[in-house]
>>> print(open('coords.cif').read())   # mmCIF, N, CA and C atoms
data_structure
loop_
_atom_site.label_atom_id
_atom_site.label_comp_id
_atom_site.auth_asym_id
_atom_site.auth_seq_id
_atom_site.Cartn_x
_atom_site.Cartn_y
_atom_site.Cartn_z
N MET A 1168 109.16 168.73 149.42
CA MET A 1168 110.12 168.10 148.52
C MET A 1168 109.75 168.36 147.06
N ARG A 1169 108.44 168.26 146.73
CA ARG A 1169 108.00 168.49 145.35
C ARG A 1169 108.27 169.93 144.93
N LYS A 1170 108.04 170.87 145.86
CA LYS A 1170 108.29 172.28 145.54
C LYS A 1170 109.77 172.50 145.25
N MET A 1171 110.62 171.83 146.03
CA MET A 1171 112.06 171.97 145.84
C MET A 1171 112.46 171.40 144.48
N LEU A 1172 111.90 170.26 144.12
CA LEU A 1172 112.21 169.65 142.83
C LEU A 1172 111.76 170.55 141.69
N GLY A 1173 110.56 171.11 141.83
CA GLY A 1173 110.05 172.03 140.81
C GLY A 1173 110.92 173.25 140.67
N LEU A 1174 111.41 173.78 141.78
CA LEU A 1174 112.30 174.94 141.76
C LEU A 1174 113.62 174.61 141.09
N LEU A 1175 114.16 173.44 141.38
CA LEU A 1175 115.41 173.03 140.75
C LEU A 1175 115.27 172.90 139.24
N VAL A 1176 114.16 172.35 138.80
CA VAL A 1176 113.92 172.19 137.36
C VAL A 1176 113.87 173.56 136.69
N LEU A 1177 113.23 174.53 137.34
CA LEU A 1177 113.15 175.87 136.77
C LEU A 1177 114.50 176.57 136.72
N LEU A 1178 115.37 176.26 137.67
CA LEU A 1178 116.65 176.93 137.73
C LEU A 1178 117.70 176.32 136.80
N LEU A 1179 117.46 175.13 136.31
CA LEU A 1179 118.40 174.51 135.39
C LEU A 1179 118.47 175.32 134.10
N PRO A 1180 119.64 175.44 133.53
CA PRO A 1180 119.73 176.19 132.27
C PRO A 1180 119.01 175.45 131.15
N LEU A 1181 118.04 176.09 130.56
CA LEU A 1181 117.24 175.47 129.52
C LEU A 1181 117.73 175.82 128.12
N SER A 1182 118.68 176.72 128.00
CA SER A 1182 119.11 177.15 126.68
C SER A 1182 119.71 176.01 125.87
N ALA A 1183 120.34 175.06 126.51
CA ALA A 1183 120.92 173.93 125.77
C ALA A 1183 119.83 173.01 125.24
N TYR A 1184 118.64 173.10 125.84
CA TYR A 1184 117.55 172.23 125.44
C TYR A 1184 116.41 173.01 124.80
N ALA A 1185 116.69 174.18 124.29
CA ALA A 1185 115.63 175.02 123.71
C ALA A 1185 114.98 174.32 122.52
N VAL A 1186 113.69 174.53 122.38
CA VAL A 1186 112.94 173.93 121.28
C VAL A 1186 113.31 174.66 120.01
N ASN A 1187 113.73 173.92 119.02
CA ASN A 1187 114.10 174.50 117.74
C ASN A 1187 112.92 174.35 116.79
N ASP A 1188 112.27 175.48 116.47
CA ASP A 1188 111.08 175.43 115.62
C ASP A 1188 111.38 174.87 114.23
N ALA A 1189 112.56 175.15 113.70
CA ALA A 1189 112.90 174.63 112.37
C ALA A 1189 112.95 173.10 112.38
N GLU A 1190 113.51 172.53 113.44
CA GLU A 1190 113.55 171.08 113.56
C GLU A 1190 112.16 170.50 113.73
N LEU A 1191 111.30 171.18 114.50
CA LEU A 1191 109.93 170.70 114.67
C LEU A 1191 109.17 170.76 113.35
N ASP A 1192 109.40 171.81 112.56
CA ASP A 1192 108.76 171.91 111.24
C ASP A 1192 109.18 170.74 110.36
N GLN A 1193 110.45 170.39 110.41
CA GLN A 1193 110.95 169.28 109.62
C GLN A 1193 110.31 167.97 110.09
N CYS A 1194 110.07 167.85 111.38
CA CYS A 1194 109.44 166.64 111.93
C CYS A 1194 108.00 166.53 111.46
N ARG A 1195 107.31 167.65 111.29
CA ARG A 1195 105.90 167.62 110.89
C ARG A 1195 105.71 167.15 109.46
N GLU A 1196 106.75 167.15 108.67
CA GLU A 1196 106.63 166.73 107.27
C GLU A 1196 106.53 165.21 107.14
N TYR A 1197 107.03 164.45 108.09
CA TYR A 1197 106.94 162.98 108.11
C TYR A 1197 107.59 162.32 106.90
N SER A 1198 108.40 163.04 106.16
CA SER A 1198 108.88 162.47 104.90
C SER A 1198 110.28 161.89 104.98
N ASP A 1199 111.13 162.38 105.83
CA ASP A 1199 112.52 161.95 105.86
C ASP A 1199 112.71 160.89 106.95
N PRO A 1200 112.92 159.63 106.57
CA PRO A 1200 113.07 158.57 107.58
C PRO A 1200 114.27 158.79 108.50
N ALA A 1201 115.30 159.45 108.00
CA ALA A 1201 116.49 159.69 108.83
C ALA A 1201 116.19 160.66 109.97
N VAL A 1202 115.20 161.50 109.78
CA VAL A 1202 114.88 162.51 110.79
C VAL A 1202 113.92 161.97 111.83
N ARG A 1203 113.17 160.93 111.50
CA ARG A 1203 112.12 160.44 112.39
C ARG A 1203 112.64 160.06 113.78
N GLY A 1204 113.75 159.35 113.84
CA GLY A 1204 114.31 158.95 115.14
C GLY A 1204 114.68 160.16 115.98
N LYS A 1205 115.27 161.15 115.35
CA LYS A 1205 115.63 162.39 116.04
C LYS A 1205 114.36 163.09 116.53
N CYS A 1206 113.31 163.06 115.71
CA CYS A 1206 112.05 163.70 116.08
C CYS A 1206 111.43 163.02 117.29
N VAL A 1207 111.45 161.71 117.30
CA VAL A 1207 110.88 160.97 118.43
C VAL A 1207 111.59 161.37 119.72
N GLN A 1208 112.92 161.44 119.67
CA GLN A 1208 113.69 161.83 120.85
C GLN A 1208 113.37 163.27 121.26
N MET A 1209 113.22 164.15 120.27
CA MET A 1209 112.93 165.54 120.57
C MET A 1209 111.55 165.67 121.22
N TYR A 1210 110.57 164.93 120.70
CA TYR A 1210 109.22 165.01 121.26
C TYR A 1210 109.12 164.36 122.64
N LYS A 1211 110.06 163.51 123.00
CA LYS A 1211 110.07 162.92 124.32
C LYS A 1211 110.60 163.89 125.38
N ARG A 1212 111.32 164.91 124.94
CA ARG A 1212 111.90 165.87 125.89
C ARG A 1212 110.81 166.70 126.57
N THR A 1213 111.00 166.95 127.83
CA THR A 1213 110.03 167.70 128.62
C THR A 1213 109.85 169.11 128.09
N ASP A 1214 110.93 169.77 127.71
CA ASP A 1214 110.82 171.15 127.25
C ASP A 1214 110.04 171.26 125.94
N THR A 1215 110.19 170.26 125.07
CA THR A 1215 109.44 170.26 123.81
C THR A 1215 107.96 170.07 124.09
N ARG A 1216 107.64 169.14 124.97
CA ARG A 1216 106.23 168.90 125.30
C ARG A 1216 105.62 170.12 126.00
N ALA A 1217 106.37 170.77 126.88
CA ALA A 1217 105.87 171.95 127.58
C ALA A 1217 105.63 173.10 126.61
N ALA A 1218 106.55 173.31 125.67
CA ALA A 1218 106.39 174.38 124.68
C ALA A 1218 105.20 174.10 123.78
N SER A 1219 105.02 172.85 123.41
CA SER A 1219 103.88 172.48 122.57
C SER A 1219 102.56 172.68 123.32
N ALA A 1220 102.53 172.31 124.59
CA ALA A 1220 101.31 172.47 125.39
C ALA A 1220 100.97 173.95 125.57
N THR A 1221 101.99 174.77 125.76
CA THR A 1221 101.77 176.21 125.89
C THR A 1221 101.23 176.79 124.60
N CYS A 1222 101.81 176.39 123.49
CA CYS A 1222 101.37 176.88 122.18
C CYS A 1222 99.95 176.43 121.89
N LYS A 1223 99.62 175.21 122.27
CA LYS A 1223 98.30 174.64 121.98
C LYS A 1223 97.18 175.40 122.69
N LYS A 1224 97.50 176.12 123.74
CA LYS A 1224 96.51 176.91 124.47
C LYS A 1224 96.18 178.22 123.76
N ASN A 1225 97.02 178.61 122.82
CA ASN A 1225 96.86 179.89 122.14
C ASN A 1225 96.54 179.63 120.67
N LEU A 1226 95.36 180.03 120.22
CA LEU A 1226 94.94 179.77 118.84
C LEU A 1226 95.89 180.40 117.83
N GLU A 1227 96.37 181.60 118.10
CA GLU A 1227 97.28 182.26 117.16
C GLU A 1227 98.57 181.46 116.98
N CYS A 1228 99.16 181.00 118.08
CA CYS A 1228 100.39 180.21 118.02
C CYS A 1228 100.15 178.88 117.33
N TRP A 1229 99.11 178.16 117.74
CA TRP A 1229 98.81 176.84 117.19
C TRP A 1229 98.46 176.93 115.71
N GLY A 1230 97.68 177.94 115.36
CA GLY A 1230 97.28 178.12 113.97
C GLY A 1230 98.46 178.43 113.07
N GLU A 1231 99.38 179.27 113.55
CA GLU A 1231 100.57 179.60 112.76
C GLU A 1231 101.52 178.41 112.66
N ARG A 1232 101.59 177.63 113.72
CA ARG A 1232 102.48 176.46 113.71
C ARG A 1232 102.10 175.49 112.60
N TYR A 1233 100.81 175.34 112.34
CA TYR A 1233 100.35 174.36 111.36
C TYR A 1233 99.82 174.98 110.07
N ARG A 1234 99.88 176.30 109.92
CA ARG A 1234 99.29 176.98 108.76
C ARG A 1234 99.85 176.45 107.43
N GLU A 1235 101.14 176.38 107.29
CA GLU A 1235 101.75 175.94 106.02
C GLU A 1235 101.31 174.52 105.66
N GLN A 1236 101.33 173.65 106.65
CA GLN A 1236 100.94 172.26 106.41
C GLN A 1236 99.45 172.18 106.09
N ALA A 1237 98.63 172.95 106.79
CA ALA A 1237 97.18 172.94 106.54
C ALA A 1237 96.88 173.45 105.14
N GLU A 1238 97.53 174.52 104.74
CA GLU A 1238 97.27 175.07 103.41
C GLU A 1238 97.67 174.08 102.31
N LYS A 1239 98.72 173.34 102.56
CA LYS A 1239 99.16 172.34 101.58
C LYS A 1239 98.10 171.24 101.42
N TYR A 1240 97.70 170.62 102.52
CA TYR A 1240 96.76 169.51 102.45
C TYR A 1240 95.34 169.97 102.10
N CYS A 1241 94.93 171.13 102.61
CA CYS A 1241 93.61 171.67 102.28
C CYS A 1241 93.55 172.03 100.80
N GLY A 1242 94.63 172.61 100.28
CA GLY A 1242 94.67 172.95 98.86
C GLY A 1242 94.52 171.73 97.97
N VAL A 1243 95.19 170.64 98.34
CA VAL A 1243 95.07 169.40 97.57
C VAL A 1243 93.63 168.89 97.59
N ALA A 1244 92.99 168.95 98.76
CA ALA A 1244 91.61 168.47 98.88
C ALA A 1244 90.66 169.35 98.06
N PHE A 1245 90.85 170.66 98.11
CA PHE A 1245 90.00 171.56 97.32
C PHE A 1245 90.22 171.34 95.82
N GLU A 1246 91.47 171.13 95.41
CA GLU A 1246 91.75 170.89 93.99
C GLU A 1246 91.08 169.62 93.50
N ARG A 1247 91.08 168.58 94.33
CA ARG A 1247 90.40 167.33 93.95
C ARG A 1247 88.91 167.56 93.74
N ARG A 1248 88.31 168.30 94.67
CA ARG A 1248 86.88 168.59 94.54
C ARG A 1248 86.61 169.45 93.31
N ALA A 1249 87.47 170.45 93.07
CA ALA A 1249 87.28 171.36 91.93
C ALA A 1249 87.43 170.62 90.60
N ALA A 1250 88.26 169.58 90.58
CA ALA A 1250 88.46 168.82 89.35
C ALA A 1250 87.20 168.06 88.93
N SER A 1251 86.36 167.74 89.90
CA SER A 1251 85.17 166.95 89.56
C SER A 1251 83.85 167.71 89.73
N SER A 1252 83.92 168.98 90.08
CA SER A 1252 82.69 169.74 90.29
C SER A 1252 82.85 171.18 89.83
N SER A 1253 81.96 171.62 88.99
CA SER A 1253 82.04 173.00 88.50
C SER A 1253 81.74 174.00 89.62
N LEU A 1254 80.90 173.63 90.58
CA LEU A 1254 80.61 174.51 91.71
C LEU A 1254 81.88 174.78 92.51
N TRP A 1255 82.62 173.72 92.81
CA TRP A 1255 83.87 173.88 93.55
C TRP A 1255 84.90 174.62 92.71
N ALA A 1256 84.97 174.31 91.44
CA ALA A 1256 85.94 174.98 90.55
C ALA A 1256 85.64 176.47 90.45
N GLN A 1257 84.38 176.82 90.51
CA GLN A 1257 83.98 178.23 90.44
C GLN A 1257 84.52 179.02 91.64
N HIS A 1258 84.61 178.37 92.80
CA HIS A 1258 85.02 179.07 94.02
C HIS A 1258 86.48 178.87 94.41
N TRP A 1259 87.08 177.81 93.96
CA TRP A 1259 88.46 177.53 94.37
C TRP A 1259 89.44 178.00 93.31
N ASN A 1260 90.34 178.90 93.68
CA ASN A 1260 91.41 179.32 92.78
C ASN A 1260 92.73 179.46 93.52
N GLY A 1261 92.96 178.55 94.46
CA GLY A 1261 94.24 178.51 95.17
C GLY A 1261 94.39 179.53 96.27
N GLN A 1262 93.30 179.94 96.88
CA GLN A 1262 93.37 180.94 97.94
C GLN A 1262 94.18 180.45 99.15
N ASP A 1263 94.71 181.41 99.86
CA ASP A 1263 95.29 181.14 101.18
C ASP A 1263 94.19 181.36 102.20
N PHE A 1264 94.15 180.52 103.20
CA PHE A 1264 93.14 180.67 104.24
C PHE A 1264 93.61 181.75 105.21
N ASP A 1265 92.83 182.82 105.31
CA ASP A 1265 93.28 183.96 106.11
C ASP A 1265 92.78 183.95 107.54
N GLN A 1266 91.90 183.02 107.89
CA GLN A 1266 91.37 182.99 109.25
C GLN A 1266 91.40 181.57 109.78
N VAL A 1267 91.41 181.48 111.11
CA VAL A 1267 91.42 180.17 111.76
C VAL A 1267 90.59 180.27 113.04
N ARG A 1268 89.92 179.17 113.37
CA ARG A 1268 89.18 179.09 114.64
C ARG A 1268 89.30 177.65 115.14
N TRP A 1269 89.01 177.46 116.42
CA TRP A 1269 89.04 176.12 116.99
C TRP A 1269 87.82 175.32 116.56
N LEU A 1270 88.01 174.06 116.29
CA LEU A 1270 86.90 173.12 116.16
C LEU A 1270 86.85 172.28 117.43
N ASP A 1271 88.01 171.79 117.87
CA ASP A 1271 88.14 171.04 119.11
C ASP A 1271 89.46 171.44 119.76
N ARG A 1272 89.38 172.36 120.69
CA ARG A 1272 90.60 172.90 121.32
C ARG A 1272 91.40 171.82 122.05
N GLY A 1273 90.72 170.92 122.72
CA GLY A 1273 91.39 169.86 123.47
C GLY A 1273 92.25 168.96 122.59
N LYS A 1274 91.77 168.69 121.38
CA LYS A 1274 92.52 167.84 120.45
C LYS A 1274 93.39 168.66 119.50
N GLY A 1275 93.27 169.98 119.56
CA GLY A 1275 94.07 170.84 118.70
C GLY A 1275 93.56 170.94 117.27
N VAL A 1276 92.31 170.54 117.03
CA VAL A 1276 91.73 170.55 115.69
C VAL A 1276 91.23 171.96 115.37
N MET A 1277 91.61 172.45 114.18
CA MET A 1277 91.26 173.81 113.78
C MET A 1277 90.50 173.82 112.46
N VAL A 1278 89.80 174.92 112.24
CA VAL A 1278 89.14 175.15 110.97
C VAL A 1278 89.80 176.38 110.35
N TYR A 1279 90.45 176.18 109.22
CA TYR A 1279 91.01 177.28 108.45
C TYR A 1279 89.94 177.67 107.44
N PHE A 1280 89.73 178.98 107.26
CA PHE A 1280 88.69 179.37 106.31
C PHE A 1280 89.01 180.69 105.64
N GLU A 1281 88.36 180.87 104.51
CA GLU A 1281 88.48 182.06 103.68
C GLU A 1281 87.08 182.50 103.33
N GLU A 1282 86.75 183.75 103.64
CA GLU A 1282 85.43 184.27 103.31
C GLU A 1282 85.48 185.01 101.99
N GLU A 1283 84.73 184.51 101.04
CA GLU A 1283 84.58 185.16 99.75
C GLU A 1283 83.27 185.94 99.78
N SER A 1284 82.93 186.60 98.70
CA SER A 1284 81.71 187.43 98.69
C SER A 1284 80.43 186.62 98.87
N ASN A 1285 80.36 185.44 98.28
CA ASN A 1285 79.12 184.68 98.37
C ASN A 1285 79.29 183.26 98.92
N VAL A 1286 80.48 182.96 99.44
CA VAL A 1286 80.72 181.62 99.98
C VAL A 1286 81.90 181.65 100.96
N VAL A 1287 81.89 180.71 101.90
CA VAL A 1287 83.01 180.54 102.82
C VAL A 1287 83.65 179.19 102.52
N LEU A 1288 84.94 179.20 102.20
CA LEU A 1288 85.69 177.96 101.98
C LEU A 1288 86.26 177.54 103.33
N GLN A 1289 85.94 176.33 103.77
CA GLN A 1289 86.38 175.85 105.07
C GLN A 1289 87.19 174.58 104.94
N CYS A 1290 88.17 174.45 105.82
CA CYS A 1290 88.98 173.24 105.85
C CYS A 1290 89.24 172.87 107.31
N ILE A 1291 88.77 171.70 107.71
CA ILE A 1291 89.04 171.20 109.05
C ILE A 1291 90.38 170.48 108.99
N PHE A 1292 91.31 170.88 109.86
CA PHE A 1292 92.66 170.34 109.87
C PHE A 1292 92.95 169.65 111.19
N PHE A 1293 93.43 168.41 111.09
CA PHE A 1293 93.78 167.59 112.24
C PHE A 1293 95.31 167.51 112.32
N PRO A 1294 95.97 168.23 113.24
CA PRO A 1294 97.44 168.20 113.31
C PRO A 1294 98.03 166.81 113.50
N ASN A 1295 97.32 165.93 114.18
CA ASN A 1295 97.85 164.58 114.40
C ASN A 1295 97.73 163.69 113.17
N ALA A 1296 96.91 164.09 112.21
CA ALA A 1296 96.74 163.35 110.96
C ALA A 1296 96.56 164.38 109.84
N PRO A 1297 97.65 165.03 109.44
CA PRO A 1297 97.54 166.18 108.54
C PRO A 1297 96.89 165.90 107.19
N ALA A 1298 96.99 164.69 106.68
CA ALA A 1298 96.39 164.40 105.38
C ALA A 1298 94.89 164.15 105.49
N LYS A 1299 94.38 164.06 106.70
CA LYS A 1299 92.96 163.80 106.94
C LYS A 1299 92.22 165.13 107.11
N VAL A 1300 92.08 165.87 106.04
CA VAL A 1300 91.38 167.15 106.12
C VAL A 1300 89.95 166.97 105.61
N ARG A 1301 89.08 167.87 106.04
CA ARG A 1301 87.70 167.88 105.57
C ARG A 1301 87.43 169.28 105.02
N VAL A 1302 87.04 169.36 103.77
CA VAL A 1302 86.78 170.66 103.15
C VAL A 1302 85.29 170.82 102.88
N SER A 1303 84.83 172.08 102.89
CA SER A 1303 83.43 172.34 102.61
C SER A 1303 83.25 173.77 102.12
N LEU A 1304 82.13 173.98 101.46
CA LEU A 1304 81.68 175.31 101.07
C LEU A 1304 80.46 175.61 101.94
N ALA A 1305 80.37 176.83 102.44
CA ALA A 1305 79.26 177.21 103.30
C ALA A 1305 78.78 178.60 102.91
N PRO A 1306 77.54 178.89 103.20
CA PRO A 1306 77.06 180.26 102.93
C PRO A 1306 77.75 181.25 103.87
N PRO A 1307 77.92 182.49 103.45
CA PRO A 1307 78.57 183.48 104.33
C PRO A 1307 77.70 183.76 105.55
N ARG A 1308 78.35 184.23 106.58
CA ARG A 1308 77.62 184.51 107.84
C ARG A 1308 77.02 185.88 107.83
#
>>> encode(input="coords.cif", output="structure tokens")
Amino acid sequence: MRKMLGLLVLLLPLSAYAVNDAELDQCREYSDPAVRGKCVQMYKRTDTRAASATCKKNLECWGERYREQAEKYCGVAFERRAASSSLWAQHWNGQDFDQVRWLDRGKGVMVYFEEESNVVLQCIFFPNAPAKVRVSLAPPR
């Protein structure tokens, strides 16, 4: 019976319920109260959760999904540090983070980083709490 149910679910036309990445991007901003209710309903849908789970397994997909948001919040954190420290100001000039790696794959936490000649700028990004970033300077590898 379970196999039959699973087969029926796969055969149902999913095009009417396709995940719209533009709508998901708008949901990630958390800024428009009118959109929040629609976002909650969208995230409750099985196809949205399945697409998100599939993307979360792939670092390239997950990293690209959150890159714009990570660069925004990481940039703000680096600018704050640069405003109060000459060391940070010396290394931070608004770079885009060109690389990403997992910090905690299960939770979807990533580290965006940029390797400069004598330092690595790192930003730990938490997709579930985008404003809660952790930035650091590290020696190159």
>>> resolve_selection(input="coords.cif", expression="the PyMOL selection byres (((chain A and resi 1243 and name CA) around 12) and name CA)", output="list in words")
Gln1236, Ala1237, Glu1238, Lys1239, Tyr1240, Cys1241, Gly1242, Ala1244, Phe1245, Glu1246, Arg1247, Arg1248, Ala1249, Ala1250, Trp1259, Asn1260, Gly1261, Gln1262, Cys1290, Pro1297, Ala1298, Lys1299, Val1300, Arg1301 and Val1302 of chain A
>>> write_last_selection(input="coords.cif", atoms="N, CA and C atoms", output="CSV table (one decimal), in the coordinates of the input")
chain,number,residue,atom,x,y,z
A,1236,GLN,N,101.3,173.6,106.6
A,1236,GLN,CA,100.9,172.3,106.4
A,1236,GLN,C,99.4,172.2,106.1
A,1237,ALA,N,98.6,173.0,106.8
A,1237,ALA,CA,97.2,172.9,106.5
A,1237,ALA,C,96.9,173.4,105.1
A,1238,GLU,N,97.5,174.5,104.7
A,1238,GLU,CA,97.3,175.1,103.4
A,1238,GLU,C,97.7,174.1,102.3
A,1239,LYS,N,98.7,173.3,102.6
A,1239,LYS,CA,99.2,172.3,101.6
A,1239,LYS,C,98.1,171.2,101.4
A,1240,TYR,N,97.7,170.6,102.5
A,1240,TYR,CA,96.8,169.5,102.4
A,1240,TYR,C,95.3,170.0,102.1
A,1241,CYS,N,94.9,171.1,102.6
A,1241,CYS,CA,93.6,171.7,102.3
A,1241,CYS,C,93.6,172.0,100.8
A,1242,GLY,N,94.6,172.6,100.3
A,1242,GLY,CA,94.7,173.0,98.9
A,1242,GLY,C,94.5,171.7,98.0
A,1244,ALA,N,93.0,169.0,98.8
A,1244,ALA,CA,91.6,168.5,98.9
A,1244,ALA,C,90.7,169.4,98.1
A,1245,PHE,N,90.8,170.7,98.1
A,1245,PHE,CA,90.0,171.6,97.3
A,1245,PHE,C,90.2,171.3,95.8
A,1246,GLU,N,91.5,171.1,95.4
A,1246,GLU,CA,91.8,170.9,94.0
A,1246,GLU,C,91.1,169.6,93.5
A,1247,ARG,N,91.1,168.6,94.3
A,1247,ARG,CA,90.4,167.3,94.0
A,1247,ARG,C,88.9,167.6,93.7
A,1248,ARG,N,88.3,168.3,94.7
A,1248,ARG,CA,86.9,168.6,94.5
A,1248,ARG,C,86.6,169.4,93.3
A,1249,ALA,N,87.5,170.4,93.1
A,1249,ALA,CA,87.3,171.4,91.9
A,1249,ALA,C,87.4,170.6,90.6
A,1250,ALA,N,88.3,169.6,90.6
A,1250,ALA,CA,88.5,168.8,89.4
A,1250,ALA,C,87.2,168.1,88.9
A,1259,TRP,N,87.1,177.8,94.0
A,1259,TRP,CA,88.5,177.5,94.4
A,1259,TRP,C,89.4,178.0,93.3
A,1260,ASN,N,90.3,178.9,93.7
A,1260,ASN,CA,91.4,179.3,92.8
A,1260,ASN,C,92.7,179.5,93.5
A,1261,GLY,N,93.0,178.6,94.5
A,1261,GLY,CA,94.2,178.5,95.2
A,1261,GLY,C,94.4,179.5,96.3
A,1262,GLN,N,93.3,179.9,96.9
A,1262,GLN,CA,93.4,180.9,97.9
A,1262,GLN,C,94.2,180.4,99.2
A,1290,CYS,N,88.2,174.4,105.8
A,1290,CYS,CA,89.0,173.2,105.8
A,1290,CYS,C,89.2,172.9,107.3
A,1297,PRO,N,97.6,165.0,109.4
A,1297,PRO,CA,97.5,166.2,108.5
A,1297,PRO,C,96.9,165.9,107.2
A,1298,ALA,N,97.0,164.7,106.7
A,1298,ALA,CA,96.4,164.4,105.4
A,1298,ALA,C,94.9,164.2,105.5
A,1299,LYS,N,94.4,164.1,106.7
A,1299,LYS,CA,93.0,163.8,106.9
A,1299,LYS,C,92.2,165.1,107.1
A,1300,VAL,N,92.1,165.9,106.0
A,1300,VAL,CA,91.4,167.2,106.1
A,1300,VAL,C,90.0,167.0,105.6
A,1301,ARG,N,89.1,167.9,106.0
A,1301,ARG,CA,87.7,167.9,105.6
A,1301,ARG,C,87.4,169.3,105.0
A,1302,VAL,N,87.0,169.4,103.8
A,1302,VAL,CA,86.8,170.7,103.2
A,1302,VAL,C,85.3,170.8,102.9
>>> resolve_selection(input="coords.cif", expression="the PyMOL selection byres ((chain A and resi 1269-1272) around 8)", output="number ranges by chain")
A: 1223-1224, 1226, 1267-1268, 1273-1279, 1291-1292
>>> atom_distance(input="coords.cif", atom1="CA of Leu1288 (chain A)", atom2="atom C of His1258 (chain A)")
7.7 Å
>>> atom_distance(input="coords.cif", atom1="CA of Glu1281 (chain A)", atom2="CA of Ser1219 (chain A)")
26.2 Å
>>> closest_residue(input="coords.cif", among="A:Ala1296, A:Ser1253, A:Ser1284, A:Gly1230", to="Gln1266 (chain A)", atoms="only C-alpha atoms")
A:Gly1230
>>> atom_distance(input="coords.cif", atom1="atom C of Cys1222 (chain A)", atom2="atom C of Ala1201 (chain A)")
25.6 Å
>>> select_by_dssp(input="coords.cif", residues="region 1223-1275 of chain A", states="strand (DSSP E)", output="list of chain:residue names")
A:Gln1266, A:Val1267, A:Arg1268, A:Trp1269, A:Leu1270, A:Asp1271
>>> write_last_selection(input="coords.cif", atoms="N, CA and C atoms", output="compact mmCIF listing (two decimals), keeping the file's coordinate frame")
# COMPACT_ATOMS: atom_id res chain seq x y z
N GLN A 1266 91.90 183.02 107.89
CA GLN A 1266 91.37 182.99 109.25
C GLN A 1266 91.40 181.57 109.78
N VAL A 1267 91.41 181.48 111.11
CA VAL A 1267 91.42 180.17 111.76
C VAL A 1267 90.59 180.27 113.04
N ARG A 1268 89.92 179.17 113.37
CA ARG A 1268 89.18 179.09 114.64
C ARG A 1268 89.30 177.65 115.14
N TRP A 1269 89.01 177.46 116.42
CA TRP A 1269 89.04 176.12 116.99
C TRP A 1269 87.82 175.32 116.56
N LEU A 1270 88.01 174.06 116.29
CA LEU A 1270 86.90 173.12 116.16
C LEU A 1270 86.85 172.28 117.43
N ASP A 1271 88.01 171.79 117.87
CA ASP A 1271 88.14 171.04 119.11
C ASP A 1271 89.46 171.44 119.76
>>> resolve_selection(input="coords.cif", expression="the PyMOL selection byres (((chain A and resi 1287 and name CA) around 6) and name CA)", output="list in words")
Glu1281, Glu1282, Glu1283, Val1286, Leu1288, Leu1304, Ala1305, Pro1306 and Pro1307 of chain A
>>> closest_residue(input="coords.cif", among="A:Arg1216, A:Asn1285, A:Glu1231, A:Gln1208", to="Arg1308 (chain A)", atoms="only N, CA and C atoms")
A:Asn1285
>>> select_by_dssp(input="coords.cif", residues="region 1191-1292 of chain A", states="alpha helix (DSSP H)", output="PyMOL selection string")
chain A and resi 1191-1195+1200-1211+1213-1223+1226-1251+1253-1258
>>> decode(input="coords.cif", residues="region 1208-1235 of chain A", atoms="C-alpha atoms", output="PDB file, in the first residue's frame")
ATOM      1  CA  GLN A1208       2.161  28.303   3.503  1.00  0.00           C
ATOM      2  CA  MET A1209       4.796  27.787   0.815  1.00  0.00           C
ATOM      3  CA  TYR A1210       7.266  26.269   3.286  1.00  0.00           C
ATOM      4  CA  LYS A1211       4.572  23.894   4.550  1.00  0.00           C
ATOM      5  CA  ARG A1212       4.192  22.401   1.068  1.00  0.00           C
ATOM      6  CA  THR A1213       5.824  19.032   0.543  1.00  0.00           C
ATOM      7  CA  ASP A1214       7.419  19.987  -2.770  1.00  0.00           C
ATOM      8  CA  THR A1215       9.075  23.063  -1.241  1.00  0.00           C
ATOM      9  CA  ARG A1216      10.479  21.037   1.645  1.00  0.00           C
ATOM     10  CA  ALA A1217      11.682  18.291  -0.731  1.00  0.00           C
ATOM     11  CA  ALA A1218      13.407  20.806  -3.022  1.00  0.00           C
ATOM     12  CA  SER A1219      15.048  22.478  -0.040  1.00  0.00           C
ATOM     13  CA  ALA A1220      16.243  19.132   1.356  1.00  0.00           C
ATOM     14  CA  THR A1221      17.690  18.181  -2.028  1.00  0.00           C
ATOM     15  CA  CYS A1222      19.475  21.517  -2.344  1.00  0.00           C
ATOM     16  CA  LYS A1223      20.807  21.279   1.215  1.00  0.00           C
ATOM     17  CA  LYS A1224      22.674  18.092   0.284  1.00  0.00           C
ATOM     18  CA  ASN A1225      24.651  19.937  -2.386  1.00  0.00           C
ATOM     19  CA  LEU A1226      27.115  22.604  -1.212  1.00  0.00           C
ATOM     20  CA  GLU A1227      27.055  24.419  -4.559  1.00  0.00           C
ATOM     21  CA  CYS A1228      23.244  24.708  -4.560  1.00  0.00           C
ATOM     22  CA  TRP A1229      22.985  25.628  -0.865  1.00  0.00           C
ATOM     23  CA  GLY A1230      25.845  28.116  -1.077  1.00  0.00           C
ATOM     24  CA  GLU A1231      24.357  29.872  -4.110  1.00  0.00           C
ATOM     25  CA  ARG A1232      20.905  29.945  -2.536  1.00  0.00           C
ATOM     26  CA  TYR A1233      22.203  31.976   0.402  1.00  0.00           C
ATOM     27  CA  ARG A1234      25.199  33.778  -1.182  1.00  0.00           C
ATOM     28  CA  GLU A1235      23.520  37.176  -1.639  1.00  0.00           C
TER      29      GLU A1235
END
